[in-house]
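Structure file run.json with JSON, C-alpha atoms:
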```
[["chain", "number", "residue", "atom", "x", "y", "z"],
["A", 1, "VAL", "CA", 12.49, -49.09, -7.80],
["A", 2, "THR", "CA", 12.69, -52.81, -8.36],
["A", 3, "ASP", "CA", 14.34, -52.72, -11.77],
["A", 4, "ARG", "CA", 16.87, -49.88, -11.54],
["A", 5, "PHE", "CA", 18.44, -50.68, -14.90],
["A", 6, "GLY", "CA", 15.21, -51.32, -16.78],
["A", 7, "VAL", "CA", 13.93, -49.04, -19.52],
["A", 8, "SER", "CA", 11.23, -47.40, -17.39],
["A", 9, "ALA", "CA", 13.49, -46.37, -14.51],
["A", 10, "GLN", "CA", 16.33, -45.38, -16.81],
["A", 11, "GLY", "CA", 13.93, -43.42, -19.01],
["A", 12, "ASN", "CA", 13.01, -41.34, -15.96],
["A", 13, "VAL", "CA", 16.67, -40.82, -15.09],
["A", 14, "GLN", "CA", 17.43, -39.86, -18.68],
["A", 15, "ALA", "CA", 14.59, -37.32, -18.78],
["A", 16, "LEU", "CA", 15.91, -35.68, -15.62],
["A", 17, "ALA", "CA", 19.48, -35.66, -16.94],
["A", 18, "LEU", "CA", 18.35, -34.08, -20.21],
["A", 19, "GLN", "CA", 16.39, -31.42, -18.33],
["A", 20, "LYS", "CA", 19.42, -30.58, -16.17],
["A", 21, "GLU", "CA", 21.83, -30.55, -19.12],
["A", 22, "ARG", "CA", 19.57, -28.26, -21.17],
["A", 23, "LYS", "CA", 19.25, -25.92, -18.20],
["A", 24, "ALA", "CA", 23.04, -25.82, -17.77],
["A", 25, "HIS", "CA", 23.57, -25.09, -21.47],
["A", 26, "ALA", "CA", 20.96, -22.32, -21.43],
["A", 27, "LEU", "CA", 22.49, -20.77, -18.32],
["A", 28, "VAL", "CA", 25.99, -20.73, -19.78],
["A", 29, "ALA", "CA", 24.72, -19.37, -23.11],
["A", 30, "THR", "CA", 22.82, -16.61, -21.30],
["A", 31, "ARG", "CA", 25.84, -15.59, -19.25],
["A", 32, "LEU", "CA", 28.48, -15.90, -21.97],
["A", 33, "GLY", "CA", 26.44, -15.55, -25.16],
["A", 34, "ARG", "CA", 27.74, -18.93, -26.29],
["A", 35, "TYR", "CA", 28.25, -22.46, -25.08],
["A", 36, "SER", "CA", 31.26, -23.31, -23.00],
["A", 37, "ALA", "CA", 32.54, -26.33, -21.10],
["A", 38, "ILE", "CA", 29.98, -28.06, -18.94],
["A", 39, "LEU", "CA", 31.17, -31.06, -16.96],
["A", 40, "CYS", "CA", 28.59, -33.58, -15.74],
["A", 41, "ASP", "CA", 29.08, -36.70, -13.69],
["A", 42, "ARG", "CA", 26.28, -38.52, -15.51],
["A", 43, "SER", "CA", 24.76, -37.98, -18.95],
["A", 44, "VAL", "CA", 21.71, -38.80, -21.03],
["A", 45, "LEU", "CA", 23.77, -41.60, -22.57],
["A", 46, "ASP", "CA", 23.98, -43.57, -19.33],
["A", 47, "ALA", "CA", 20.37, -44.75, -19.63],
["A", 48, "PRO", "CA", 20.70, -46.59, -22.96],
["A", 49, "VAL", "CA", 24.00, -48.09, -21.82],
["A", 50, "TYR", "CA", 22.58, -49.46, -18.58],
["A", 51, "VAL", "CA", 19.49, -50.81, -20.34],
["A", 52, "HIS", "CA", 21.65, -52.42, -23.04],
["A", 53, "SER", "CA", 23.87, -54.00, -20.39],
["A", 54, "GLN", "CA", 20.80, -55.85, -19.16],
["A", 55, "GLY", "CA", 20.15, -57.31, -22.61],
["A", 56, "ASP", "CA", 17.30, -55.00, -23.65],
["A", 57, "GLU", "CA", 18.62, -53.82, -27.01],
["A", 58, "LEU", "CA", 15.24, -52.51, -28.19],
["A", 59, "GLY", "CA", 14.75, -50.46, -25.02],
["A", 60, "ALA", "CA", 18.29, -49.13, -25.25],
["A", 61, "GLN", "CA", 17.74, -48.10, -28.86],
["A", 62, "GLY", "CA", 14.55, -46.28, -27.91],
["A", 63, "LEU", "CA", 16.36, -44.34, -25.18],
["A", 64, "LEU", "CA", 19.17, -43.49, -27.58],
["A", 65, "ASP", "CA", 16.71, -42.29, -30.21],
["A", 66, "ARG", "CA", 15.07, -39.98, -27.63],
["A", 67, "VAL", "CA", 18.30, -38.02, -27.23],
["A", 68, "ARG", "CA", 19.93, -38.44, -30.64],
["A", 69, "THR", "CA", 19.60, -34.73, -31.46],
["A", 70, "TRP", "CA", 21.20, -33.81, -28.12],
["A", 71, "ILE", "CA", 24.31, -35.97, -28.59],
["A", 72, "PRO", "CA", 26.18, -33.38, -30.72],
["A", 73, "THR", "CA", 26.33, -31.10, -27.67],
["A", 74, "TYR", "CA", 29.01, -33.43, -26.26],
["A", 75, "SER", "CA", 32.50, -32.58, -27.43],
["A", 76, "ARG", "CA", 34.06, -35.33, -25.31],
["A", 77, "ILE", "CA", 32.89, -38.02, -22.95],
["A", 78, "PHE", "CA", 35.31, -39.03, -20.23],
["A", 79, "LEU", "CA", 35.11, -42.59, -18.99],
["A", 80, "LEU", "CA", 37.07, -43.72, -15.97],
["A", 81, "ASP", "CA", 39.08, -46.91, -16.21],
["A", 82, "PRO", "CA", 37.64, -49.01, -13.36],
["A", 83, "ALA", "CA", 41.05, -50.60, -12.77],
["A", 84, "ASP", "CA", 42.23, -47.25, -11.38],
["A", 85, "VAL", "CA", 39.21, -46.37, -9.24],
["A", 86, "PRO", "CA", 38.67, -48.28, -6.02],
["A", 87, "TYR", "CA", 35.17, -49.68, -5.76],
["A", 88, "SER", "CA", 33.07, -49.93, -2.67],
["A", 89, "GLN", "CA", 29.41, -50.73, -2.39],
["A", 90, "ASP", "CA", 27.04, -48.32, -0.68],
["A", 91, "ASP", "CA", 23.33, -47.45, -0.71],
["A", 92, "ILE", "CA", 23.56, -46.43, -4.39],
["A", 93, "ARG", "CA", 26.28, -48.76, -5.72],
["A", 94, "ALA", "CA", 24.89, -52.13, -4.70],
["A", 95, "GLU", "CA", 26.28, -54.05, -7.70],
["A", 96, "ASP", "CA", 29.28, -56.31, -7.46],
["A", 97, "GLU", "CA", 32.62, -55.99, -9.30],
["A", 98, "THR", "CA", 31.41, -58.24, -12.15],
["A", 99, "THR", "CA", 28.44, -55.98, -12.83],
["A", 100, "ARG", "CA", 30.65, -52.91, -12.60],
["A", 101, "GLN", "CA", 32.92, -54.37, -15.28],
["A", 102, "LEU", "CA", 29.89, -55.28, -17.41],
["A", 103, "PHE", "CA", 28.74, -51.67, -17.28],
["A", 104, "HIS", "CA", 32.21, -50.44, -18.25],
["A", 105, "ASP", "CA", 32.49, -52.86, -21.15],
["A", 106, "THR", "CA", 29.02, -51.84, -22.34],
["A", 107, "PHE", "CA", 29.99, -48.16, -22.23],
["A", 108, "LEU", "CA", 33.07, -48.86, -24.35],
["A", 109, "ASP", "CA", 31.09, -50.90, -26.86],
["A", 110, "PHE", "CA", 28.33, -48.28, -26.99],
["A", 111, "PHE", "CA", 30.71, -45.36, -27.55],
["A", 112, "ASN", "CA", 32.62, -47.26, -30.25],
["A", 113, "THR", "CA", 29.52, -48.58, -32.01],
["A", 114, "ASN", "CA", 27.93, -45.13, -32.11],
["A", 115, "GLU", "CA", 31.22, -43.37, -32.94],
["A", 116, "LEU", "CA", 30.96, -41.07, -29.94],
["A", 117, "PRO", "CA", 33.93, -38.95, -28.88],
["A", 118, "TYR", "CA", 35.21, -40.46, -25.66],
["A", 119, "GLN", "CA", 38.46, -40.66, -23.77],
["A", 120, "LEU", "CA", 39.35, -43.36, -21.28],
["A", 121, "LEU", "CA", 40.86, -41.77, -18.19],
["A", 122, "SER", "CA", 43.42, -43.81, -16.32],
["A", 123, "GLY", "CA", 45.89, -43.27, -13.53],
["A", 124, "ASN", "CA", 45.39, -41.86, -10.08],
["A", 125, "GLN", "CA", 42.96, -39.03, -9.38],
["A", 126, "ASP", "CA", 45.52, -36.27, -10.08],
["A", 127, "GLU", "CA", 46.55, -37.90, -13.36],
["A", 128, "ARG", "CA", 42.92, -38.26, -14.47],
["A", 129, "LEU", "CA", 42.22, -34.63, -13.60],
["A", 130, "GLN", "CA", 45.29, -33.57, -15.57],
["A", 131, "GLN", "CA", 43.98, -35.44, -18.64],
["A", 132, "VAL", "CA", 40.65, -33.58, -18.41],
["A", 133, "ASN", "CA", 42.37, -30.23, -17.92],
["A", 134, "GLU", "CA", 44.61, -30.89, -20.93],
["A", 135, "PHE", "CA", 41.58, -31.55, -23.11],
["A", 136, "ILE", "CA", 39.80, -28.41, -21.88],
["A", 137, "GLY", "CA", 42.95, -26.34, -22.36],
["A", 138, "SER", "CA", 43.46, -27.69, -25.87],
["A", 139, "GLY", "CA", 40.59, -25.61, -27.24],
["A", 140, "ARG", "CA", 38.85, -28.66, -28.75],
["A", 141, "LEU", "CA", 35.54, -27.83, -27.05]]
```
Could you write out this structure as structure tokens?
Amino acid sequence: VTDRFGVSAQGNVQALALQKERKAHALVATRLGRYSAILCDRSVLDAPVYVHSQGDELGAQGLLDRVRTWIPTYSRIFLLDPADVPYSQDDIRAEDETTRQLFHDTFLDFFNTNELPYQLLSGNQDERLQQVNEFIGSGRL
């Protein structure tokens, strides 16, 4: 893929994420008769954020509109504070620190603009995990 953060590539990623999330919700509902906590590393919201970070506001809006009815399934979105997570490039993460910060800033702006329920996780790995566990244990799902 030559334009990893373009609307076409991210639209494909978003479609796959939505398919996987729907499958997870259906599986949990089948087993428990209701929805429960499902934790995902990525979400259908990543695509519009990445596209928006590249300056394509129209493409980002289109991707957001595709999943607007799915958004209420999220009770909380956890976003890691990049200051507390060491960054190293690899075959997937080829971007530099500046681009990483741009993505983070775009996530914050996107969540605030769209009034989405998010929580910034900071601290070391154990502290971040404790914050997630506290939310899950609070019964606010």
Pro86 of chain A environment, 12 Å, all atoms listed in the file, sequence neighbours closer than 2 positions dropped, as an MDAnalysis selection string: chainID A and resid 80:84 88:89 97 100 123:125
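Shortest separation to Gly59 of chain A among A:Ile71, A:Ile77, A:Ala47, A:Leu102 occurs at residue A:Ala47, atoms counted being all atoms listed in the file.
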Just the residues within 12 Å of Ala24 of chain A, please, counting all atoms listed in the file, with nothing from its chain fewer than 2 positions along; format it as an mmCIF file with C-alpha atoms, keeping the file's coordinate frame.
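Final output, saved to result_19.cif:
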```
data_model
loop_
_atom_site.group_PDB
_atom_site.id
_atom_site.type_symbol
_atom_site.label_atom_id
_atom_site.label_comp_id
_atom_site.auth_asym_id
_atom_site.auth_seq_id
_atom_site.Cartn_x
_atom_site.Cartn_y
_atom_site.Cartn_z
ATOM 1 C CA ALA A 17 19.480 -35.660 -16.940
ATOM 2 C CA LEU A 18 18.350 -34.080 -20.210
ATOM 3 C CA GLN A 19 16.390 -31.420 -18.330
ATOM 4 C CA LYS A 20 19.420 -30.580 -16.170
ATOM 5 C CA GLU A 21 21.830 -30.550 -19.120
ATOM 6 C CA ARG A 22 19.570 -28.260 -21.170
ATOM 7 C CA ALA A 26 20.960 -22.320 -21.430
ATOM 8 C CA LEU A 27 22.490 -20.770 -18.320
ATOM 9 C CA VAL A 28 25.990 -20.730 -19.780
ATOM 10 C CA ALA A 29 24.720 -19.370 -23.110
ATOM 11 C CA THR A 30 22.820 -16.610 -21.300
ATOM 12 C CA ARG A 31 25.840 -15.590 -19.250
ATOM 13 C CA ARG A 34 27.740 -18.930 -26.290
ATOM 14 C CA TYR A 35 28.250 -22.460 -25.080
ATOM 15 C CA SER A 36 31.260 -23.310 -23.000
ATOM 16 C CA ALA A 37 32.540 -26.330 -21.100
ATOM 17 C CA ILE A 38 29.980 -28.060 -18.940
ATOM 18 C CA LEU A 39 31.170 -31.060 -16.960
ATOM 19 C CA CYS A 40 28.590 -33.580 -15.740
ATOM 20 C CA THR A 73 26.330 -31.100 -27.670
#
```
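Using all atoms listed in the file, the nearest neighbour of Asp46 of chain A within the list A:Glu134, A:Glu127, A:Phe110, A:Arg76 is A:Phe110.
Residue nearest Pro48 of chain A, chosen from A:Pro72, A:Lys23, A:Leu16, A:Phe107 and counting only C-alpha atoms: A:Phe107.
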Could you give me, as a VMD selection string, the residues that sit within 10 Å of (28.8, -49.2, -25.9) in the file's coordinates, counting only C-alpha atoms? chain A and resid 45 to 46 48 to 50 52 to 53 103 to 116
Starting from 6 Å padding per side, set up an axis-aligned box that covers all listed atoms of segment 127-130 of chain A and hand over centre and edge lengths in Å, one decimal, as lines of an AutoDock Vina configuration file.
```
center_x = 44.4
center_y = -35.9
center_z = -14.5
size_x = 16.3
size_y = 16.7
size_z = 14.2
```
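Pairwise distance (atom CA of Ser138 of chain A, atom CA of Thr69 of chain A) equals 25.5 Å.
The residue that comes closest to Ser8 of chain A, out of A:Asp91, A:Asp96, A:Asp56, A:Asp126 and on the basis of all atoms listed in the file, is A:Asp56.
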With distances taken over all atoms listed in the file, the candidate from A:Phe135, A:Gly6, A:Ser43, A:Leu121 nearest Glu57 of chain A is A:Gly6
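A straight line drawn from atom CA of Phe5 of chain A to atom CA of Gln131 of chain A is 30.0 Å long.
One distance worth recording is that between atom CA of Leu63 of chain A and atom CA of Gly11 of chain A, which is 6.7 Å.
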For each of A:Gln54, A:Ser122, A:Gln130, A:Gln61, take the minimum atom-to-atom distance to Arg4 of chain A, counting all atoms listed in the file, then give the residue where this is smallest. A:Gln54
Supply segment 65-77 of chain A as a PDB file, keeping the file's coordinate frame, with N, CA, C and O atoms built in where the input has gaps.
```
ATOM      1  N   ASP A  65      17.439 -43.081 -29.220  1.00  0.00           N
ATOM      2  CA  ASP A  65      16.710 -42.290 -30.210  1.00  0.00           C
ATOM      3  C   ASP A  65      16.094 -41.033 -29.587  1.00  0.00           C
ATOM      4  O   ASP A  65      16.017 -39.992 -30.244  1.00  0.00           O
ATOM      5  N   ARG A  66      15.671 -41.132 -28.325  1.00  0.00           N
ATOM      6  CA  ARG A  66      15.070 -39.980 -27.630  1.00  0.00           C
ATOM      7  C   ARG A  66      16.026 -38.813 -27.505  1.00  0.00           C
ATOM      8  O   ARG A  66      15.597 -37.658 -27.427  1.00  0.00           O
ATOM      9  N   VAL A  67      17.321 -39.091 -27.469  1.00  0.00           N
ATOM     10  CA  VAL A  67      18.300 -38.020 -27.230  1.00  0.00           C
ATOM     11  C   VAL A  67      19.281 -37.846 -28.397  1.00  0.00           C
ATOM     12  O   VAL A  67      20.265 -37.123 -28.273  1.00  0.00           O
ATOM     13  N   ARG A  68      18.996 -38.476 -29.503  1.00  0.00           N
ATOM     14  CA  ARG A  68      19.930 -38.440 -30.640  1.00  0.00           C
ATOM     15  C   ARG A  68      20.284 -37.015 -31.058  1.00  0.00           C
ATOM     16  O   ARG A  68      21.434 -36.717 -31.368  1.00  0.00           O
ATOM     17  N   THR A  69      19.318 -36.110 -31.041  1.00  0.00           N
ATOM     18  CA  THR A  69      19.600 -34.730 -31.460  1.00  0.00           C
ATOM     19  C   THR A  69      20.402 -33.967 -30.409  1.00  0.00           C
ATOM     20  O   THR A  69      20.982 -32.927 -30.725  1.00  0.00           O
ATOM     21  N   TRP A  70      20.446 -34.465 -29.186  1.00  0.00           N
ATOM     22  CA  TRP A  70      21.200 -33.810 -28.120  1.00  0.00           C
ATOM     23  C   TRP A  70      22.674 -34.234 -28.115  1.00  0.00           C
ATOM     24  O   TRP A  70      23.536 -33.496 -27.639  1.00  0.00           O
ATOM     25  N   ILE A  71      22.964 -35.398 -28.652  1.00  0.00           N
ATOM     26  CA  ILE A  71      24.310 -35.970 -28.590  1.00  0.00           C
ATOM     27  C   ILE A  71      25.387 -35.019 -29.146  1.00  0.00           C
ATOM     28  O   ILE A  71      26.472 -34.931 -28.570  1.00  0.00           O
ATOM     29  N   PRO A  72      25.132 -34.277 -30.214  1.00  0.00           N
ATOM     30  CA  PRO A  72      26.180 -33.380 -30.720  1.00  0.00           C
ATOM     31  C   PRO A  72      26.620 -32.289 -29.745  1.00  0.00           C
ATOM     32  O   PRO A  72      27.639 -31.631 -29.984  1.00  0.00           O
ATOM     33  N   THR A  73      25.892 -32.093 -28.654  1.00  0.00           N
ATOM     34  CA  THR A  73      26.330 -31.100 -27.670  1.00  0.00           C
ATOM     35  C   THR A  73      27.541 -31.590 -26.882  1.00  0.00           C
ATOM     36  O   THR A  73      28.192 -30.798 -26.210  1.00  0.00           O
ATOM     37  N   TYR A  74      27.843 -32.875 -26.962  1.00  0.00           N
ATOM     38  CA  TYR A  74      29.010 -33.430 -26.260  1.00  0.00           C
ATOM     39  C   TYR A  74      30.241 -33.322 -27.154  1.00  0.00           C
ATOM     40  O   TYR A  74      30.273 -33.870 -28.248  1.00  0.00           O
ATOM     41  N   SER A  75      31.253 -32.630 -26.670  1.00  0.00           N
ATOM     42  CA  SER A  75      32.500 -32.580 -27.430  1.00  0.00           C
ATOM     43  C   SER A  75      33.439 -33.699 -26.997  1.00  0.00           C
ATOM     44  O   SER A  75      34.317 -34.102 -27.758  1.00  0.00           O
ATOM     45  N   ARG A  76      33.237 -34.224 -25.795  1.00  0.00           N
ATOM     46  CA  ARG A  76      34.060 -35.330 -25.310  1.00  0.00           C
ATOM     47  C   ARG A  76      33.355 -35.969 -24.126  1.00  0.00           C
ATOM     48  O   ARG A  76      32.784 -35.283 -23.290  1.00  0.00           O
ATOM     49  N   ILE A  77      33.420 -37.267 -24.083  1.00  0.00           N
ATOM     50  CA  ILE A  77      32.890 -38.020 -22.950  1.00  0.00           C
ATOM     51  C   ILE A  77      34.089 -38.663 -22.273  1.00  0.00           C
ATOM     52  O   ILE A  77      34.898 -39.326 -22.927  1.00  0.00           O
TER      53      ILE A  77
END
```
